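In what follows, a structure is listed as structure tokens, so that the remarks can point back to it.
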Amino acid sequence: MPRFIARRLVATVPLLVLISILAFSLVLLLPGDPALAILGDEVANANDKQAYYALRAEMGLDEPIPIQYLRWAGKMLSGDLGMSIRNQTPIAETIGAKILPTAELALLAAILSLLIALPAGIISALRPNSLADAGATLAALSGVAVPHFFLGVLLIYAFAVGLRILPPSGYVAPWEDLGQNLRLMIMPAFTVGTGLAAILMRQVRSALIEVLQQEYVITARSKGLGERAVVIGHALKNAAIPVITIMGQQVGTLIGGAVVTETIFAIPGMGRLIVDSISYRDFPVVQATVLVLSISVLAANLTTDIIYGYLDPRIRQD
Amino acid sequence: MERSPDATRISRRRLIGLVAGGVALMGLTACLRRDVSQGATDASKPAAPPPAQPTTAPAAQAPASKPAEAPKPADSTAPKPAAGQPKRGGTITALMQNDWLTFDVALNTASESTHFMVFDPLVLYERNDNGQWEYVPGLAEKWELKDKEATFWLRKGVKFHDGSDFNAEVMAWNIQRWINEPKSVAKGSLGGIDWKNPTTIVDPHTLKLNLTGPTPGLLQQFNDPNTYPMSKAAFEKMGAEAAGAQPVGTGPFKFVEWKKNSHVTIARNENYWMKDAAGEQLPYLDGITYRLIIDDSVRMLEMKAGTADFTELIQGKDVADAKADPKLSYLQADWYGNAYRLIFDASGGKFYNNVKLRQAALYAVDHEALAKALGAGIGRAEKYFPRPGSLGYDESLPYYWYDPAKAKQLMAEAGYPNGIDVEFLVIAREVDKLQAEMLKSMWDAIGLRTTVTSMERVALNQRLLTGGAPYDVTTTRGGSAVGDPDDEYRAHFWSNGNFAKARLKDPEIDQAIDAASNTYDTAVRAERYKALQKMLFEKAVYGYLWTQDWNWVMSKRLQNLPAPMGSLWDFRKTWVSE
């Protein structure tokens with residue numbers, strides 16, 4: 001197992017280099033001058049353009065791009081993510097403050113999606129083509145089809161304006177007030193989690209139907225094991241591998257979904273940070289954020305690989 | 001092998017158990033329930049202030065310029081300023097649409113509502129009982145404007161939140177900094193001042209500004225959020241960065257906390273210089289929390305849920321809902337709004353050097369259809385560049401209005417009886433794109449075959465403003481308010497204007513703009529602005545399409561809130577009724 005993990009770690013290094021080049025260069029391809037975006041049209045085009053040229057020099061935009069990359073990569077390696085041009089704060093500090101709400105949202109959404117998908121998927125698999133299966137499938141398709149912004153607003157209307165049992169939007173850190181944190185996060189987590197729950201539910205269903213037809217399951221039943229022990233103890237573990245694959249792949253989607261959801265629910269997270277930074281052409285923040293998120297996705301994929309290896313020893317031998 | 005039907009059967013008890021799991025999740029919500037009206041930022045609620053202390057009453061006002069007359073509110077269910085007994089204490093929550101960047105007004109004033117409560121301007125701009133907007137004393141008790149100098153008599157006894165004095169020396173230091181700071185945006189608000197020798201300190205509370213000529217927009221400039229003075233002592237002690245993050249002003253509320261992308265909290269300044277008519281210390285409120293909520297619909301839902309007290313710019317579709325809600329008041333302004341305008345490139349492109357073609361395009365525009373469809377109940381069709389009520393606004397002046405027959409005739413006279421292909425550049429914003437599609441259908445109908453190209457805002461503005469490549473036609477959106485129109489004319493039509501997307505390098509227009517602002521005589525200025533508008537009508541490089549009125553929604557528990565000028569919400573004299 002350690003060798004397996006080490007192999008996977010080494011394989012991520014060239015990927016990281018590639019990602020760093022892409023993170024740096026892709027933002028430079030965005031049309032529009034960042035100095036113009038930050039200063040605003042009127043100031044940037046003021047008669048003397050002094051503020052405009054001062055800002056371009058400060059951003060290092062007057063240097064050749066390869067030099068800009070090398071300087072940036074060197075700083076990244078030393079752990080210096082630089083300063084935000086827009087609000088003159090250290091980027092590491094900004095990302096540090098934003099990553100927790102996003103991570104919490106993604107984690108809660110993942111937990112919620114599993115809580116929905118596992119029972120629904122098992123019921124559907126145990127009674128395929130039944131009314132329960134049809135109901136769960138319909139709910140799953142609705143979960144995928146309803147856009148986040150619509151579901152989010154609908155939830156606020158129902159639970160905050162109508163029933164008044166939840167606050168409409170905002171964020172409080174869990175260590176400041178855990179109860180309020182959960183009250184504020186339950187609707188966003190549900191908004192992000194429903195789409196994932198739908199995908200997972202369908203995956204659990206199809207994987208379990210397949211596994212339940214395997215001979216070892218029949219053997220287990222013939223030995224007189226109860227249905228709970230057969231499904232939970234024997235079938236579900238093998239059915240979990242494709243489910244974990246989907247979970248690993250959905251980390252990026254969870255973060256992508258967080259962009260819209262964070263805006264609707266006024267959560268100060270990474271999604272909002274990226275969108276705002278792109279709008280204002282705050283290149284250092286965009287570059288650092290893309291890098292950090294890419295590393296997060298790589299880490300999620302690595303974790304998925306390791307869990308594979310644990311669940312199926314054959315994978316470790318590859 | 002066939003599976004026994006019993007093998008996959010799930011008992012009712014198990015099914016109930018699974019369903020109960022889902023219900024338990026909802027139950028968790030209910031268990032955690034508590035008073036949601038506390039909102040998300042209770043932890044940062046400001047502490048109650050100590051008892052009021054006396055300060056010097058403001059001197060009688062002496063406005064030096066004639067205020068512009070403004071029409072009555074377009075549509076309002078908002079209560080008039082309450083005549084009841086003011087109540088001291090309580091906090092309110094206001095919802096912001098845009099994020100804060102800094103509190104250093106020299107650099108940026110994004111989300112200026114908060115700045116307006118932490119700082120004070122030299123001159124306040126208020127709407128009186130007759131619906132007129134007028135300049136009244138702020139940090140300056142009175143002023144005198146002359147051709148080459150302006151004198152401001154500053155209020156005595158005013159202190160910044162750090163305890164340092166506000167005086168002529170501090171004000172002069174602020175002005176010097178706004179001029180000398182390389183990234184200053186405040187310079188844009190210092191036109192007419194001699195930047196090489198801007199100030200002369202007459203005595204500790206009298207400051208003379210040295211002017212390059214008559215500057216009738218000066219009072220407006222010193223009402224602008226870019227010219228709120230900050231504490232020199234705090235700046236020197238904290239440094240520029242900290243001063244921009246923890247502002248120290250003279251305003252009615254002191255800065256408490258700024259949580260980026262989330263909220264700003266301010267608490268009552270117990271030593272504020274302003275008093276009410278009865279001589280009582282202002283402000284009444286203990287504090288304000290400004291929360292950032294970008295989504296328009298969610299801001300409205302927060303208001304309906306009773307978790308916020310004030311917000312602005314709700315969508316037209318939500319207006320009826322806001323008016324119908326018994327807990328909310330709605331206010332809509334025709335003194336301030338977002339104006340949508342059409343611009344032709346006056347330096348190149350298909351419309352260049354062909355006034356009849358431009359006129360054809362302008363006569364093909366159905367302003368009322370645009371206002372109705374895009375304004376969703378809060379749009380108004382526009383005939384003129386200045387806002388109704390602004391200096392020089394005159395309904396007898398000529399204007400372009402929907403006349404498709406005349407437009408077709410002009411197409412033929414312009415040399416294009418069989419039509420012409422043009423490119424229409426627009427910002428990739430929802431309203432701009434919808435507007436472009438409507439304009440395209442109007443123009444296509446007269447043979448102006450239009451291809452709409454939408455671009456991201458920054459990219460398009462770069463192409464139009466700093467780029468030199470010619471274009472055919474574009475649209476723009478910008479704030480439009482009653483008041484002195486010099487800034488707006490200059491920005492759009494002056495050769496070196498900051499917003500000169502039309503690239504109108506026309507000495508005749510430049511001269512007309514300069515002439516309209518080189519005297520303090522408002523009657524003369526009004527006539528000159530009328531002449532300028534006639535010239536612009538003849539040049540036909542701009543189309544004034546429609547304006548979306550600014551609007552506000554507030555909780556009925558807010559009392560005595562004056563009419564806001566855009567995002568400058570003045571809670572100095574506001575109290576809460578419960």
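Note on naming: chains are A, B, ... as they come in the structure tokens, residues start from 1 per chain, ligands start from 1 in the order shown.
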If you count only C-alpha atoms, which residues fall within 12 Å of Glu302 (chain B), apart from same-chain ones fewer than 4 positions away, as an mmCIF file with C-alpha atoms, in the first residue's frame?
```cif
data_model
loop_
_atom_site.group_PDB
_atom_site.id
_atom_site.type_symbol
_atom_site.label_atom_id
_atom_site.label_comp_id
_atom_site.auth_asym_id
_atom_site.auth_seq_id
_atom_site.Cartn_x
_atom_site.Cartn_y
_atom_site.Cartn_z
ATOM 1 C CA VAL A 153 -34.472 30.714 -4.132
ATOM 2 C CA ILE A 156 -35.435 30.430 0.863
ATOM 3 C CA TYR A 157 -38.993 31.294 -0.051
ATOM 4 C CA PHE A 159 -38.272 27.909 4.759
ATOM 5 C CA ALA A 160 -37.289 31.548 5.442
ATOM 6 C CA VAL A 161 -40.150 33.645 4.089
ATOM 7 C CA GLY A 162 -43.010 31.150 4.378
ATOM 8 C CA ARG A 164 -39.735 31.203 8.905
ATOM 9 C CA LEU A 166 -34.455 29.133 8.782
ATOM 10 C CA PRO A 167 -32.564 32.369 8.156
ATOM 11 C CA PRO A 168 -32.557 33.264 4.437
ATOM 12 C CA SER A 169 -28.842 33.730 3.871
ATOM 13 C CA GLY A 170 -25.485 34.526 5.425
ATOM 14 C CA ILE A 264 -27.548 33.039 -3.626
ATOM 15 C CA PHE A 265 -26.954 32.285 0.043
ATOM 16 C CA ALA A 266 -24.371 35.059 0.592
ATOM 17 C CA VAL B 36 -34.220 33.863 12.842
ATOM 18 C CA SER B 37 -34.746 37.597 12.819
ATOM 19 C CA GLN B 38 -31.394 37.848 14.552
ATOM 20 C CA GLY B 39 -29.860 37.268 11.125
ATOM 21 C CA ALA B 40 -26.473 35.913 10.383
ATOM 22 C CA THR B 93 -29.448 45.715 8.955
ATOM 23 C CA ALA B 94 -28.983 47.124 5.461
ATOM 24 C CA LEU B 95 -28.295 44.937 2.446
ATOM 25 C CA MET B 96 -25.620 45.831 -0.071
ATOM 26 C CA ARG B 291 -24.593 42.716 4.758
ATOM 27 C CA LEU B 292 -23.406 41.862 1.265
ATOM 28 C CA ILE B 293 -26.016 39.963 -0.753
ATOM 29 C CA ILE B 294 -25.320 40.092 -4.461
ATOM 30 C CA ASP B 295 -28.462 38.394 -5.726
ATOM 31 C CA ASP B 296 -31.391 40.818 -6.216
ATOM 32 C CA SER B 297 -34.041 38.183 -5.531
ATOM 33 C CA VAL B 298 -32.404 37.057 -2.304
ATOM 34 C CA GLY B 306 -37.974 40.420 8.137
ATOM 35 C CA THR B 307 -34.255 39.750 8.571
ATOM 36 C CA ALA B 308 -33.207 43.079 7.034
ATOM 37 C CA ASP B 309 -34.414 46.681 7.205
ATOM 38 C CA PHE B 310 -33.213 48.358 4.050
ATOM 39 C CA THR B 311 -32.040 47.614 0.550
ATOM 40 C CA ILE B 314 -34.907 45.451 -6.437
ATOM 41 C CA ALA B 322 -42.801 45.019 -2.063
ATOM 42 C CA LEU B 328 -42.393 47.068 3.931
ATOM 43 C CA VAL B 553 -37.313 48.900 -0.039
ATOM 44 C CA MET B 554 -37.347 49.484 3.692
ATOM 45 C CA SER B 555 -38.885 48.040 6.800
#
```
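Excluding region 198-211 of chain A itself and any same-chain residue fewer than 4 positions from it, the protein and nucleic acid residues within 6 Å of it, counting only C-alpha atoms, are Ala117, Gly121, Ser124, Ala125, Ala140, Gly143, Ala235 and Ala239 of chain A.
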Region 111-299 of chain A: which residues are alpha helix (DSSP H) by DSSP, as a ChimeraX atom specification? /A:111-126,131-145,148-155,178-212,215-222,227-228,236-264,270-279,283-299
With only C-alpha atoms as the basis for distance, which of B:Ala381, B:Leu410, B:Ile343, B:Ile513 is at the shortest distance from Phe424 (chain B)?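 Residue with the minimum atom-to-atom distance to Phe424 (chain B): B:Ile343.
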Hey, which of A:Ala54, A:Leu131, A:Ile241, A:Ala23 ends up closest to chain B? Count only C-alpha atoms.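 Using only C-alpha atoms, chain B sits closest to A:Ala54.
Comparing B:Trp100, B:Tyr393, B:Phe166, B:Trp133 by their smallest distance to chain A, the closest is B:Trp100 (using only C-alpha atoms).
Proximity to region 96-98 of chain A at 8 Å, evaluated using only C-alpha atoms and with sequence-adjacent residues fewer than 3 positions away removed, yields Ala92, Glu93, Pro101, Thr102, Pro268, Gly269, Met270 and Leu273 of chain A.
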Can I get the selection written as a compact mmCIF listing (two decimals), in the first residue's frame, with all heavy atoms?
```txt
# COMPACT_ATOMS: atom_id res chain seq x y z
N ALA A 92 -2.94 34.45 0.56
CA ALA A 92 -3.02 33.26 1.42
C ALA A 92 -4.07 33.49 2.51
O ALA A 92 -4.87 32.61 2.84
CB ALA A 92 -1.67 32.98 2.04
N GLU A 93 -4.06 34.72 3.03
CA GLU A 93 -5.03 35.08 4.08
C GLU A 93 -6.46 35.04 3.52
O GLU A 93 -7.38 34.51 4.15
CB GLU A 93 -4.70 36.51 4.54
CG GLU A 93 -5.25 36.89 5.89
CD GLU A 93 -4.80 38.31 6.23
OE1 GLU A 93 -3.65 38.48 6.68
OE2 GLU A 93 -5.59 39.22 6.00
N PRO A 101 -15.62 28.02 4.35
CA PRO A 101 -17.05 27.95 3.99
C PRO A 101 -17.31 27.04 2.79
O PRO A 101 -18.28 26.28 2.78
CB PRO A 101 -17.41 29.41 3.66
CG PRO A 101 -16.41 30.22 4.38
CD PRO A 101 -15.15 29.43 4.41
N THR A 102 -16.41 27.11 1.79
CA THR A 102 -16.61 26.26 0.61
C THR A 102 -16.42 24.79 0.96
O THR A 102 -17.20 23.93 0.54
CB THR A 102 -15.63 26.68 -0.50
OG1 THR A 102 -15.88 28.04 -0.82
CG2 THR A 102 -15.80 25.83 -1.75
N PRO A 268 -19.48 33.67 2.00
CA PRO A 268 -18.20 34.22 1.51
C PRO A 268 -17.18 33.12 1.24
O PRO A 268 -16.24 32.95 2.00
CB PRO A 268 -17.76 35.14 2.66
CG PRO A 268 -18.39 34.55 3.88
CD PRO A 268 -19.65 33.86 3.45
N GLY A 269 -17.36 32.39 0.17
CA GLY A 269 -16.49 31.25 -0.12
C GLY A 269 -15.64 31.42 -1.36
O GLY A 269 -15.56 32.50 -1.94
N MET A 270 -15.00 30.33 -1.77
CA MET A 270 -14.06 30.35 -2.90
C MET A 270 -14.77 30.66 -4.22
O MET A 270 -14.20 31.28 -5.11
CB MET A 270 -13.38 28.99 -3.01
CG MET A 270 -12.48 28.66 -1.85
SD MET A 270 -10.95 29.59 -1.89
CE MET A 270 -10.00 28.60 -3.03
N LEU A 273 -15.15 34.21 -4.57
CA LEU A 273 -13.83 34.83 -4.71
C LEU A 273 -13.35 34.74 -6.16
O LEU A 273 -12.84 35.71 -6.72
CB LEU A 273 -12.83 34.12 -3.77
CG LEU A 273 -11.40 34.61 -3.82
CD1 LEU A 273 -11.28 36.03 -3.30
CD2 LEU A 273 -10.48 33.70 -3.01
```
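Closest approach to chain A among B:Asp444, B:Asp162, B:Glu126, B:Asp104: B:Asp104, based on only C-alpha atoms.
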CA of Leu28 (chain A) to CA of Ile274 (chain A): how many Å, to one decimal?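 Those two atoms sit 14.8 Å apart.
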From the DSSP assignment of the backbone, select every residue of region 412-498 of chain B that is strand (DSSP E or B), and format the answer as a PyMOL selection string. chain B and resi 420-427+448-455+473-481
